[in-house]
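Asker: My structure file model-v3.cif, mmCIF, C-alpha atoms and all ligand atoms, is below:
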```
data_final
#
loop_
_atom_site.label_atom_id
_atom_site.label_comp_id
_atom_site.auth_asym_id
_atom_site.auth_seq_id
_atom_site.Cartn_x
_atom_site.Cartn_y
_atom_site.Cartn_z
CA MET Y 1 10.58 -28.91 24.86
CA LYS Y 2 6.99 -29.05 25.96
CA ASP Y 3 4.33 -26.75 27.31
CA THR Y 4 3.55 -26.92 31.04
CA THR Y 5 1.36 -25.17 33.61
CA LYS Y 6 4.45 -23.23 34.63
CA HIS Y 7 4.73 -21.82 31.10
CA GLN Y 8 1.00 -21.06 31.22
CA GLY Y 9 1.49 -19.09 34.43
CA LEU Y 10 4.33 -17.10 32.88
CA ARG Y 11 2.16 -16.34 29.84
CA ASN Y 12 -0.62 -15.02 32.08
CA GLN Y 13 1.93 -12.74 33.74
CA LEU Y 14 3.22 -11.58 30.36
CA ALA Y 15 -0.33 -10.71 29.29
CA ASN Y 16 -0.69 -8.65 32.49
CA VAL Y 17 2.56 -6.82 31.72
CA LEU Y 18 1.33 -6.02 28.20
CA GLU Y 19 -1.97 -4.80 29.59
CA ALA Y 20 -0.10 -2.54 32.02
CA LYS Y 21 1.86 -1.15 29.07
CA GLY Y 22 -1.36 -0.17 27.34
CA ILE Y 23 -2.57 -3.14 25.28
CA THR Y 24 -6.37 -3.28 25.64
CA ASP Y 25 -7.59 -5.69 22.94
CA ALA Y 26 -8.89 -8.75 24.82
CA LYS Y 27 -8.43 -11.04 21.81
CA VAL Y 28 -4.78 -10.05 21.46
CA LEU Y 29 -4.18 -10.63 25.18
CA ASP Y 30 -5.92 -14.02 24.90
CA ALA Y 31 -3.59 -14.94 22.04
CA VAL Y 32 -0.57 -14.07 24.20
CA ARG Y 33 -2.01 -16.27 27.00
CA LYS Y 34 -2.46 -19.11 24.56
CA ILE Y 35 0.61 -19.26 22.29
CA PRO Y 36 3.64 -21.14 23.71
CA ARG Y 37 6.25 -18.50 22.82
CA HIS Y 38 9.08 -20.58 24.35
CA LEU Y 39 8.62 -23.12 21.56
CA PHE Y 40 9.35 -20.43 18.95
CA MET Y 41 12.81 -19.79 20.37
CA ASP Y 42 16.09 -21.58 20.80
CA SER Y 43 15.95 -23.76 23.91
CA SER Y 44 18.83 -21.78 25.46
CA PHE Y 45 16.47 -18.80 25.78
CA GLU Y 46 13.59 -20.79 27.20
CA ALA Y 47 13.93 -19.32 30.69
CA HIS Y 48 13.46 -15.83 29.24
CA ALA Y 49 10.70 -16.60 26.76
CA TYR Y 50 8.01 -14.79 28.70
CA GLN Y 51 9.93 -11.61 29.35
CA ASP Y 52 8.82 -8.69 27.27
CA LYS Y 53 11.97 -8.79 25.14
CA ALA Y 54 13.13 -9.60 21.63
CA PHE Y 55 15.55 -12.56 21.29
CA PRO Y 56 17.83 -13.89 18.56
CA ILE Y 57 16.46 -16.61 16.28
CA ALA Y 58 18.31 -18.04 13.26
CA ALA Y 59 19.98 -16.13 10.41
CA GLU Y 60 20.79 -13.05 12.55
CA GLN Y 61 17.12 -12.26 13.01
CA THR Y 62 15.01 -11.77 16.10
CA ILE Y 63 11.64 -12.81 17.46
CA SER Y 64 9.96 -9.45 18.05
CA GLN Y 65 9.27 -8.15 21.54
CA PRO Y 66 5.83 -9.31 22.73
CA TYR Y 67 4.73 -5.69 23.28
CA THR Y 68 5.56 -4.88 19.67
CA VAL Y 69 3.66 -7.93 18.39
CA ALA Y 70 0.65 -7.09 20.57
CA PHE Y 71 0.77 -3.41 19.57
CA GLN Y 72 0.89 -4.18 15.84
CA SER Y 73 -1.87 -6.79 16.18
CA GLU Y 74 -4.11 -4.37 18.07
CA VAL Y 75 -3.59 -1.48 15.63
CA LEU Y 76 -4.49 -3.70 12.67
CA GLU Y 77 -7.98 -4.35 14.15
CA ILE Y 78 -8.13 -7.83 12.60
CA GLN Y 79 -11.60 -9.27 12.09
CA PRO Y 80 -12.16 -13.02 11.64
CA GLY Y 81 -11.83 -14.10 8.01
CA GLU Y 82 -9.80 -11.08 6.91
CA LYS Y 83 -7.07 -11.63 4.36
CA VAL Y 84 -3.76 -10.56 5.88
CA LEU Y 85 -0.31 -10.33 4.33
CA GLU Y 86 2.62 -10.56 6.74
CA ILE Y 87 6.09 -9.55 5.64
CA GLY Y 88 8.84 -11.15 7.73
CA THR Y 89 7.65 -14.56 8.94
CA GLY Y 90 10.72 -14.98 11.16
CA SER Y 91 9.93 -17.30 14.06
CA GLY Y 92 6.23 -17.36 13.17
CA TYR Y 93 5.11 -15.95 16.52
CA GLN Y 94 3.36 -12.95 14.98
CA THR Y 95 1.86 -15.31 12.39
CA ALA Y 96 0.39 -17.41 15.20
CA VAL Y 97 -1.14 -14.30 16.79
CA LEU Y 98 -2.76 -13.31 13.48
CA LEU Y 99 -4.15 -16.84 13.11
CA GLU Y 100 -5.53 -16.78 16.67
CA LEU Y 101 -7.34 -13.55 15.70
CA GLY Y 102 -9.02 -15.48 12.90
CA ALA Y 103 -7.13 -14.02 9.94
CA GLU Y 104 -6.35 -15.84 6.70
CA VAL Y 105 -2.61 -15.32 6.63
CA TYR Y 106 -0.14 -15.13 3.75
CA SER Y 107 3.37 -14.81 5.14
CA ILE Y 108 6.52 -13.89 3.21
CA GLU Y 109 10.07 -14.57 4.40
CA ARG Y 110 13.22 -13.45 2.62
CA GLN Y 111 15.62 -15.94 4.21
CA HIS Y 112 15.39 -19.52 3.12
CA GLU Y 113 16.57 -21.00 6.42
CA LEU Y 114 13.77 -19.29 8.34
CA PHE Y 115 11.18 -19.92 5.64
CA LYS Y 116 11.97 -23.64 5.80
CA LYS Y 117 12.17 -23.90 9.55
CA THR Y 118 9.01 -21.95 10.33
CA SER Y 119 6.88 -23.44 7.57
CA MET Y 120 7.64 -26.88 9.05
CA PHE Y 121 7.22 -25.79 12.66
CA LEU Y 122 3.98 -23.77 12.75
CA PRO Y 123 1.68 -26.50 11.39
CA LYS Y 124 3.02 -28.85 14.09
CA LEU Y 125 1.43 -26.49 16.63
CA GLY Y 126 -1.77 -26.41 14.59
CA TYR Y 127 -1.10 -22.99 13.03
CA ARG Y 128 -1.83 -23.09 9.32
CA PRO Y 129 -1.47 -19.97 7.22
CA LYS Y 130 -2.99 -20.03 3.73
CA ARG Y 131 0.52 -19.82 2.33
CA PHE Y 132 4.14 -19.46 3.36
CA ILE Y 133 6.07 -17.68 0.64
CA PHE Y 134 9.84 -17.60 0.20
CA GLY Y 135 10.27 -14.23 -1.47
CA ASP Y 136 10.79 -10.52 -1.34
CA GLY Y 137 8.44 -8.49 0.81
CA TYR Y 138 9.11 -5.24 -1.05
CA LYS Y 139 6.95 -6.62 -3.85
CA GLY Y 140 4.10 -7.79 -1.66
CA LEU Y 141 2.07 -10.62 -3.16
CA PRO Y 142 0.36 -9.25 -6.29
CA GLU Y 143 -1.24 -12.58 -7.25
CA GLU Y 144 -3.22 -12.71 -3.98
CA ALA Y 145 -3.93 -8.96 -3.63
CA PRO Y 146 -5.88 -7.03 -2.47
CA PHE Y 147 -5.55 -7.62 1.27
CA ASP Y 148 -7.60 -6.31 4.17
CA LYS Y 149 -4.44 -5.77 6.17
CA ILE Y 150 -0.69 -5.81 5.54
CA ILE Y 151 1.81 -5.99 8.40
CA VAL Y 152 5.56 -5.50 8.01
CA THR Y 153 7.72 -6.84 10.86
CA ALA Y 154 11.14 -5.54 9.74
CA GLY Y 155 12.38 -1.95 9.60
CA ALA Y 156 11.66 -0.56 6.13
CA PRO Y 157 13.91 2.21 4.75
CA TYR Y 158 10.89 3.57 2.86
CA VAL Y 159 7.27 2.62 2.23
CA PRO Y 160 7.18 0.26 -0.78
CA LYS Y 161 4.61 1.52 -3.31
CA ALA Y 162 3.63 -2.06 -4.16
CA LEU Y 163 2.35 -2.57 -0.60
CA LEU Y 164 0.16 0.55 -0.62
CA GLY Y 165 -1.29 -0.67 -3.91
CA GLN Y 166 -2.20 -4.07 -2.47
CA ILE Y 167 -4.56 -2.96 0.32
CA LYS Y 168 -8.32 -2.82 -0.12
CA VAL Y 169 -10.17 0.45 0.24
CA GLY Y 170 -10.85 0.61 3.97
CA GLY Y 171 -7.83 -1.64 4.59
CA ARG Y 172 -4.66 -0.97 6.57
CA LEU Y 173 -0.90 -1.16 6.05
CA LEU Y 174 1.19 -1.11 9.24
CA ILE Y 175 4.90 -0.63 8.66
CA PRO Y 176 7.85 0.49 10.79
CA VAL Y 177 9.72 3.06 8.71
CA GLY Y 178 13.31 4.19 9.30
CA ASP Y 179 16.90 2.98 9.49
CA LYS Y 180 18.27 2.62 13.03
CA GLU Y 181 14.98 3.41 14.69
CA GLN Y 182 11.62 3.20 13.08
CA VAL Y 183 8.41 5.14 13.30
CA MET Y 184 5.44 2.78 13.38
CA THR Y 185 3.36 4.07 10.50
CA LEU Y 186 -0.26 3.20 9.77
CA PHE Y 187 -1.84 3.86 6.38
CA ILE Y 188 -5.62 3.55 6.02
CA ARG Y 189 -6.82 3.46 2.44
CA LYS Y 190 -9.74 5.87 2.17
CA SER Y 191 -10.30 5.55 -1.58
CA PRO Y 192 -8.31 4.15 -4.51
CA LYS Y 193 -6.11 7.26 -4.42
CA GLU Y 194 -6.32 8.52 -0.83
CA PHE Y 195 -4.44 7.25 2.22
CA GLU Y 196 -4.71 8.51 5.75
CA LYS Y 197 -1.34 8.35 7.54
CA HIS Y 198 -0.82 7.99 11.30
CA GLU Y 199 2.55 7.92 13.08
CA LEU Y 200 2.35 5.75 16.18
CA GLY Y 201 5.70 6.17 17.93
CA GLY Y 202 9.25 4.79 17.89
CA PHE Y 203 10.20 1.11 17.69
CA ARG Y 204 13.32 -0.92 16.92
CA PHE Y 205 13.27 -3.69 14.33
CA VAL Y 206 15.96 -5.57 12.42
CA PRO Y 207 16.29 -3.99 8.98
CA MET Y 208 14.21 -5.14 6.03
CA LEU Y 209 16.62 -6.88 3.70
CA LYS Y 210 17.14 -5.59 0.19
CA LYS Y 211 16.26 -7.76 -2.73
CA LYS Y 212 19.28 -9.77 -3.93
CA ASN Y 213 20.06 -9.11 -7.57
N1 LIG D 301 7.54 -11.38 13.18
C1 LIG D 301 8.82 -12.02 13.29
C2 LIG D 301 9.88 -10.95 13.09
C3 LIG D 301 11.15 -11.46 12.63
S1 LIG D 301 12.38 -10.24 12.35
C4 LIG D 301 8.99 -12.68 14.63
O1 LIG D 301 8.51 -12.12 15.62
O2 LIG D 301 9.61 -13.73 14.71
C5 LIG D 301 12.06 -9.77 10.68
C6 LIG D 301 11.96 -10.86 9.67
O3 LIG D 301 11.79 -10.26 8.38
C7 LIG D 301 13.20 -11.73 9.55
O4 LIG D 301 12.82 -13.08 9.61
C8 LIG D 301 13.78 -11.37 8.20
O5 LIG D 301 14.50 -12.41 7.59
C9 LIG D 301 12.53 -10.97 7.42
N2 LIG D 301 12.77 -10.10 6.29
C10 LIG D 301 13.70 -9.13 6.18
N3 LIG D 301 13.64 -8.52 4.98
C11 LIG D 301 12.62 -9.11 4.30
C12 LIG D 301 12.07 -8.93 2.99
N4 LIG D 301 12.56 -8.04 2.13
N5 LIG D 301 11.02 -9.72 2.65
C13 LIG D 301 10.52 -10.66 3.49
N6 LIG D 301 11.01 -10.87 4.73
C14 LIG D 301 12.05 -10.12 5.13
#
```
In structure tokens, how does this file's structure come out?
Ligand code: SAH
Answerer:
Amino acid sequence: MKDTTKHQGLRNQLANVLEAKGITDAKVLDAVRKIPRHLFMDSSFEAHAYQDKAFPIAAEQTISQPYTVAFQSEVLEIQPGEKVLEIGTGSGYQTAVLLELGAEVYSIERQHELFKKTSMFLPKLGYRPKRFIFGDGYKGLPEEAPFDKIIVTAGAPYVPKALLGQIKVGGRLLIPVGDKEQVMTLFIRKSPKEFEKHELGGFRFVPMLKKKN
């Protein structure tokens, strides 16, 4: 598959749709205009790649809906050079958005098939996170902590304590919490012991996978 002016046109339309749904961050919308989402999906879904929908990828997972990716990216208020931990690499589309926003990205994936596939694929498009990690997102990444921002892109049954502990004071953790449906929950660390919590509405994610024993 390649990228064509037709795909570019569809991306511009998708950015307009996201703007109409309430996304206002110009840098996020620019990232949507730039990243060839169809290349992150199975070729059988190519015709639908620029609809505002989630689609299946490998290992029973999904590439998140563009609105969800844009919403999470906007809420994180990423500044260039910030250190960001992403949990749930999946297709790498959200990773690419974070990189377009200028973040230094560390991305953890629980499933080996996706870890392998995406860590080969993203650099081919010129997207280079600091590290891809095959591991368990419940633990975060203690050896690289603290982070300016942490984003979770799978539905978490609860808020892992390790993740709260790995954000800088002034930093943000954005995590969808719940089983069948999730509440998008933002924690802002006000001091070493204080967190401000904001609930930002309902979303649907695939469930965060438990650690295998
Ligand atoms: N942002 C991705 C979302 C993929 S869906 C995209 O848009 O493509 C969620 C991803 O989280 C899946 O790839 C899944 O395998 C991964 N995941 C689930 N549980 C995890 C865990 N405990 N640690 C790390 N990754 C996990």
Asker: Near Ile57 (chain Y), within 8 Å and counting all atoms listed in the file, which residues show up once chain neighbours fewer than 2 positions away are dropped, as a list in words?
Answerer: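 Once the nearby chain positions are removed, what remains is Met41, Asp42, Phe55, Ala59, Glu60, Gln61, Thr62, Ile63, Gly90 and Ser91 of chain Y.
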Asker: Between atom O3 of ligand LIG 301 (chain D) and CA of Gly126 (chain Y), what distance in Å does the model show, to one decimal?
Answerer: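 We find that atom O3 of ligand LIG 301 (chain D) and CA of Gly126 (chain Y) lie 22.0 Å from each other.
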Asker: Using only C-alpha atoms and all ligand atoms, find each residue of chain Y with at least one atom at most 9 Å away from an atom of ligand LIG 301 (chain D); report its shortest atom-to-atom pair and that distance in Å (one decimal), sort the rows by chain and rising residue number, and return the result as a tab-separated table.
Answerer:
```
residue	atom	partner	partner_atom	distance
Y:Phe40	CA	D:LIG301	O2	7.9
Y:Met41	CA	D:LIG301	O2	8.9
Y:Ala54	CA	D:LIG301	O1	8.0
Y:Phe55	CA	D:LIG301	O2	8.9
Y:Ile57	CA	D:LIG301	O2	7.6
Y:Ala58	CA	D:LIG301	O4	8.3
Y:Ala59	CA	D:LIG301	O5	7.2
Y:Glu60	CA	D:LIG301	O5	8.0
Y:Gln61	CA	D:LIG301	S1	5.2
Y:Thr62	CA	D:LIG301	S1	4.8
Y:Ile63	CA	D:LIG301	O2	3.5
Y:Ser64	CA	D:LIG301	O1	3.9
Y:Gln65	CA	D:LIG301	O1	7.2
Y:Pro66	CA	D:LIG301	O1	8.1
Y:Thr68	CA	D:LIG301	O1	8.8
Y:Val69	CA	D:LIG301	O1	7.0
Y:Glu86	CA	D:LIG301	N1	8.1
Y:Ile87	CA	D:LIG301	C13	5.0
Y:Gly88	CA	D:LIG301	O3	3.1
Y:Thr89	CA	D:LIG301	C1	5.2
Y:Gly90	CA	D:LIG301	O4	3.2
Y:Ser91	CA	D:LIG301	O2	3.6
Y:Gly92	CA	D:LIG301	O2	5.2
Y:Tyr93	CA	D:LIG301	O1	5.2
Y:Gln94	CA	D:LIG301	N1	4.8
Y:Thr95	CA	D:LIG301	N1	7.0
Y:Ser107	CA	D:LIG301	C13	8.4
Y:Ile108	CA	D:LIG301	C13	5.1
Y:Glu109	CA	D:LIG301	N6	3.8
Y:Arg110	CA	D:LIG301	C13	4.0
Y:Gln111	CA	D:LIG301	O5	5.0
Y:His112	CA	D:LIG301	O5	8.4
Y:Glu113	CA	D:LIG301	O5	8.9
Y:Leu114	CA	D:LIG301	O4	6.4
Y:Phe115	CA	D:LIG301	O4	8.1
Y:Ile133	CA	D:LIG301	C13	8.8
Y:Phe134	CA	D:LIG301	C13	7.7
Y:Gly135	CA	D:LIG301	C13	6.1
Y:Asp136	CA	D:LIG301	N5	4.1
Y:Gly137	CA	D:LIG301	N5	3.4
Y:Tyr138	CA	D:LIG301	N4	5.5
Y:Lys139	CA	D:LIG301	N5	8.3
Y:Gly140	CA	D:LIG301	N5	8.4
Y:Val152	CA	D:LIG301	O3	7.8
Y:Thr153	CA	D:LIG301	N1	5.1
Y:Ala154	CA	D:LIG301	C5	4.4
Y:Gly155	CA	D:LIG301	C5	7.9
Y:Ala156	CA	D:LIG301	N3	8.3
Y:Phe205	CA	D:LIG301	S1	6.9
Y:Val206	CA	D:LIG301	S1	5.9
Y:Pro207	CA	D:LIG301	C10	6.4
Y:Met208	CA	D:LIG301	N3	3.6
Y:Leu209	CA	D:LIG301	N3	3.6
Y:Lys210	CA	D:LIG301	N4	5.5
Y:Lys211	CA	D:LIG301	N4	6.1
```
Asker: Under the rule that only C-alpha atoms are counted, which of Y:Lys117, Y:Lys21, Y:Lys180, Y:Lys130 is the nearest residue to Gly202 (chain Y)?
Answerer: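 Closest to Gly202 (chain Y), using only C-alpha atoms: Y:Lys180.
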Asker: Quick one: of Y:Tyr50, Y:Tyr106, Y:Phe121, Y:Phe187, who's nearest to Leu200 (chain Y), counting only C-alpha atoms?
Answerer: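 Result for the nearest residue to Leu200 (chain Y): Y:Phe187.
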Asker: Quote the spacing between CA of Pro146 (chain Y) and CA of Arg204 (chain Y) in Å to one decimal place.
Answerer: 28.0 Å
Asker: Counting all atoms listed in the file, figure out which residue out of Y:Leu39, Y:Ile175, Y:Val28, Y:Ala47 gets nearest to Phe71 (chain Y).
Answerer: Y:Val28
Asker: Which residue out of Y:Ala26, Y:Leu122, Y:Ala15, Y:Leu173 has the minimum interatomic distance to Val84 (chain Y) when only C-alpha atoms are used?
Answerer: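 Residue with the minimum atom-to-atom distance to Val84 (chain Y): Y:Leu173.
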Asker: Could region 63-98 of chain Y be completed with N, CA and C atoms and returned as a PDB file, in the coordinates of the input?
Answerer:
```pdb
ATOM      1  N   ILE Y  63      13.069 -12.698  17.190  1.00  0.00           N
ATOM      2  CA  ILE Y  63      11.640 -12.810  17.460  1.00  0.00           C
ATOM      3  C   ILE Y  63      11.282 -11.485  18.120  1.00  0.00           C
ATOM      4  N   SER Y  64      10.292 -10.795  17.576  1.00  0.00           N
ATOM      5  CA  SER Y  64       9.960  -9.450  18.050  1.00  0.00           C
ATOM      6  C   SER Y  64       9.525  -9.477  19.512  1.00  0.00           C
ATOM      7  N   GLN Y  65       9.704  -8.317  20.154  1.00  0.00           N
ATOM      8  CA  GLN Y  65       9.270  -8.150  21.540  1.00  0.00           C
ATOM      9  C   GLN Y  65       7.751  -8.357  21.612  1.00  0.00           C
ATOM     10  N   PRO Y  66       7.269  -9.080  22.623  1.00  0.00           N
ATOM     11  CA  PRO Y  66       5.830  -9.310  22.730  1.00  0.00           C
ATOM     12  C   PRO Y  66       5.002  -8.011  22.692  1.00  0.00           C
ATOM     13  N   TYR Y  67       5.486  -6.946  23.328  1.00  0.00           N
ATOM     14  CA  TYR Y  67       4.730  -5.690  23.280  1.00  0.00           C
ATOM     15  C   TYR Y  67       4.559  -5.215  21.841  1.00  0.00           C
ATOM     16  N   THR Y  68       5.615  -5.327  21.067  1.00  0.00           N
ATOM     17  CA  THR Y  68       5.560  -4.880  19.670  1.00  0.00           C
ATOM     18  C   THR Y  68       4.550  -5.712  18.878  1.00  0.00           C
ATOM     19  N   VAL Y  69       4.596  -7.034  19.080  1.00  0.00           N
ATOM     20  CA  VAL Y  69       3.660  -7.930  18.390  1.00  0.00           C
ATOM     21  C   VAL Y  69       2.219  -7.577  18.792  1.00  0.00           C
ATOM     22  N   ALA Y  70       2.005  -7.393  20.083  1.00  0.00           N
ATOM     23  CA  ALA Y  70       0.650  -7.090  20.570  1.00  0.00           C
ATOM     24  C   ALA Y  70       0.192  -5.728  20.033  1.00  0.00           C
ATOM     25  N   PHE Y  71       1.104  -4.755  20.051  1.00  0.00           N
ATOM     26  CA  PHE Y  71       0.770  -3.410  19.570  1.00  0.00           C
ATOM     27  C   PHE Y  71       0.373  -3.464  18.091  1.00  0.00           C
ATOM     28  N   GLN Y  72       1.194  -4.114  17.275  1.00  0.00           N
ATOM     29  CA  GLN Y  72       0.890  -4.180  15.840  1.00  0.00           C
ATOM     30  C   GLN Y  72      -0.437  -4.923  15.614  1.00  0.00           C
ATOM     31  N   SER Y  73      -0.648  -5.999  16.359  1.00  0.00           N
ATOM     32  CA  SER Y  73      -1.870  -6.790  16.180  1.00  0.00           C
ATOM     33  C   SER Y  73      -3.103  -5.970  16.548  1.00  0.00           C
ATOM     34  N   GLU Y  74      -2.982  -5.198  17.628  1.00  0.00           N
ATOM     35  CA  GLU Y  74      -4.110  -4.370  18.070  1.00  0.00           C
ATOM     36  C   GLU Y  74      -4.427  -3.271  17.058  1.00  0.00           C
ATOM     37  N   VAL Y  75      -3.388  -2.599  16.567  1.00  0.00           N
ATOM     38  CA  VAL Y  75      -3.590  -1.480  15.630  1.00  0.00           C
ATOM     39  C   VAL Y  75      -4.221  -1.965  14.314  1.00  0.00           C
ATOM     40  N   LEU Y  76      -3.935  -3.194  13.934  1.00  0.00           N
ATOM     41  CA  LEU Y  76      -4.490  -3.700  12.670  1.00  0.00           C
ATOM     42  C   LEU Y  76      -5.998  -3.952  12.738  1.00  0.00           C
ATOM     43  N   GLU Y  77      -6.535  -4.094  13.970  1.00  0.00           N
ATOM     44  CA  GLU Y  77      -7.980  -4.350  14.150  1.00  0.00           C
ATOM     45  C   GLU Y  77      -8.459  -5.501  13.249  1.00  0.00           C
ATOM     46  N   ILE Y  78      -7.806  -6.644  13.406  1.00  0.00           N
ATOM     47  CA  ILE Y  78      -8.130  -7.830  12.600  1.00  0.00           C
ATOM     48  C   ILE Y  78      -9.521  -8.362  12.943  1.00  0.00           C
ATOM     49  N   GLN Y  79     -10.297  -8.617  11.915  1.00  0.00           N
ATOM     50  CA  GLN Y  79     -11.600  -9.270  12.090  1.00  0.00           C
ATOM     51  C   GLN Y  79     -11.481 -10.697  11.539  1.00  0.00           C
ATOM     52  N   PRO Y  80     -12.233 -11.647  12.128  1.00  0.00           N
ATOM     53  CA  PRO Y  80     -12.160 -13.020  11.640  1.00  0.00           C
ATOM     54  C   PRO Y  80     -12.429 -13.097  10.139  1.00  0.00           C
ATOM     55  N   GLY Y  81     -11.631 -13.898   9.447  1.00  0.00           N
ATOM     56  CA  GLY Y  81     -11.830 -14.100   8.010  1.00  0.00           C
ATOM     57  C   GLY Y  81     -11.109 -13.092   7.133  1.00  0.00           C
ATOM     58  N   GLU Y  82     -10.511 -12.061   7.744  1.00  0.00           N
ATOM     59  CA  GLU Y  82      -9.800 -11.080   6.910  1.00  0.00           C
ATOM     60  C   GLU Y  82      -8.547 -11.691   6.292  1.00  0.00           C
ATOM     61  N   LYS Y  83      -8.244 -11.183   5.106  1.00  0.00           N
ATOM     62  CA  LYS Y  83      -7.070 -11.630   4.360  1.00  0.00           C
ATOM     63  C   LYS Y  83      -5.897 -10.726   4.760  1.00  0.00           C
ATOM     64  N   VAL Y  84      -4.870 -11.343   5.338  1.00  0.00           N
ATOM     65  CA  VAL Y  84      -3.760 -10.560   5.880  1.00  0.00           C
ATOM     66  C   VAL Y  84      -2.437 -11.013   5.272  1.00  0.00           C
ATOM     67  N   LEU Y  85      -1.659 -10.054   4.825  1.00  0.00           N
ATOM     68  CA  LEU Y  85      -0.310 -10.330   4.330  1.00  0.00           C
ATOM     69  C   LEU Y  85       0.695  -9.912   5.398  1.00  0.00           C
ATOM     70  N   GLU Y  86       1.571 -10.853   5.764  1.00  0.00           N
ATOM     71  CA  GLU Y  86       2.620 -10.560   6.740  1.00  0.00           C
ATOM     72  C   GLU Y  86       3.965 -10.597   6.027  1.00  0.00           C
ATOM     73  N   ILE Y  87       4.760  -9.564   6.241  1.00  0.00           N
ATOM     74  CA  ILE Y  87       6.090  -9.550   5.640  1.00  0.00           C
ATOM     75  C   ILE Y  87       7.135  -9.698   6.735  1.00  0.00           C
ATOM     76  N   GLY Y  88       7.884 -10.802   6.681  1.00  0.00           N
ATOM     77  CA  GLY Y  88       8.840 -11.150   7.730  1.00  0.00           C
ATOM     78  C   GLY Y  88       8.288 -12.219   8.647  1.00  0.00           C
ATOM     79  N   THR Y  89       8.184 -13.449   8.145  1.00  0.00           N
ATOM     80  CA  THR Y  89       7.650 -14.560   8.940  1.00  0.00           C
ATOM     81  C   THR Y  89       8.487 -14.794  10.195  1.00  0.00           C
ATOM     82  N   GLY Y  90       9.814 -14.763  10.028  1.00  0.00           N
ATOM     83  CA  GLY Y  90      10.720 -14.980  11.160  1.00  0.00           C
ATOM     84  C   GLY Y  90      10.402 -16.259  11.904  1.00  0.00           C
ATOM     85  N   SER Y  91      10.233 -16.137  13.225  1.00  0.00           N
ATOM     86  CA  SER Y  91       9.930 -17.300  14.060  1.00  0.00           C
ATOM     87  C   SER Y  91       8.517 -17.814  13.859  1.00  0.00           C
ATOM     88  N   GLY Y  92       7.633 -16.975  13.318  1.00  0.00           N
ATOM     89  CA  GLY Y  92       6.230 -17.360  13.170  1.00  0.00           C
ATOM     90  C   GLY Y  92       5.351 -16.970  14.346  1.00  0.00           C
ATOM     91  N   TYR Y  93       5.921 -16.313  15.342  1.00  0.00           N
ATOM     92  CA  TYR Y  93       5.110 -15.950  16.520  1.00  0.00           C
ATOM     93  C   TYR Y  93       4.001 -14.953  16.157  1.00  0.00           C
ATOM     94  N   GLN Y  94       4.385 -13.914  15.412  1.00  0.00           N
ATOM     95  CA  GLN Y  94       3.360 -12.950  14.980  1.00  0.00           C
ATOM     96  C   GLN Y  94       2.316 -13.628  14.082  1.00  0.00           C
ATOM     97  N   THR Y  95       2.766 -14.546  13.248  1.00  0.00           N
ATOM     98  CA  THR Y  95       1.860 -15.310  12.390  1.00  0.00           C
ATOM     99  C   THR Y  95       0.824 -16.038  13.237  1.00  0.00           C
ATOM    100  N   ALA Y  96       1.290 -16.659  14.310  1.00  0.00           N
ATOM    101  CA  ALA Y  96       0.390 -17.410  15.200  1.00  0.00           C
ATOM    102  C   ALA Y  96      -0.635 -16.461  15.832  1.00  0.00           C
ATOM    103  N   VAL Y  97      -0.199 -15.264  16.213  1.00  0.00           N
ATOM    104  CA  VAL Y  97      -1.140 -14.300  16.790  1.00  0.00           C
ATOM    105  C   VAL Y  97      -2.206 -13.932  15.765  1.00  0.00           C
ATOM    106  N   LEU Y  98      -1.792 -13.673  14.538  1.00  0.00           N
ATOM    107  CA  LEU Y  98      -2.760 -13.310  13.480  1.00  0.00           C
ATOM    108  C   LEU Y  98      -3.757 -14.454  13.264  1.00  0.00           C
TER     109      LEU Y  98
END
```
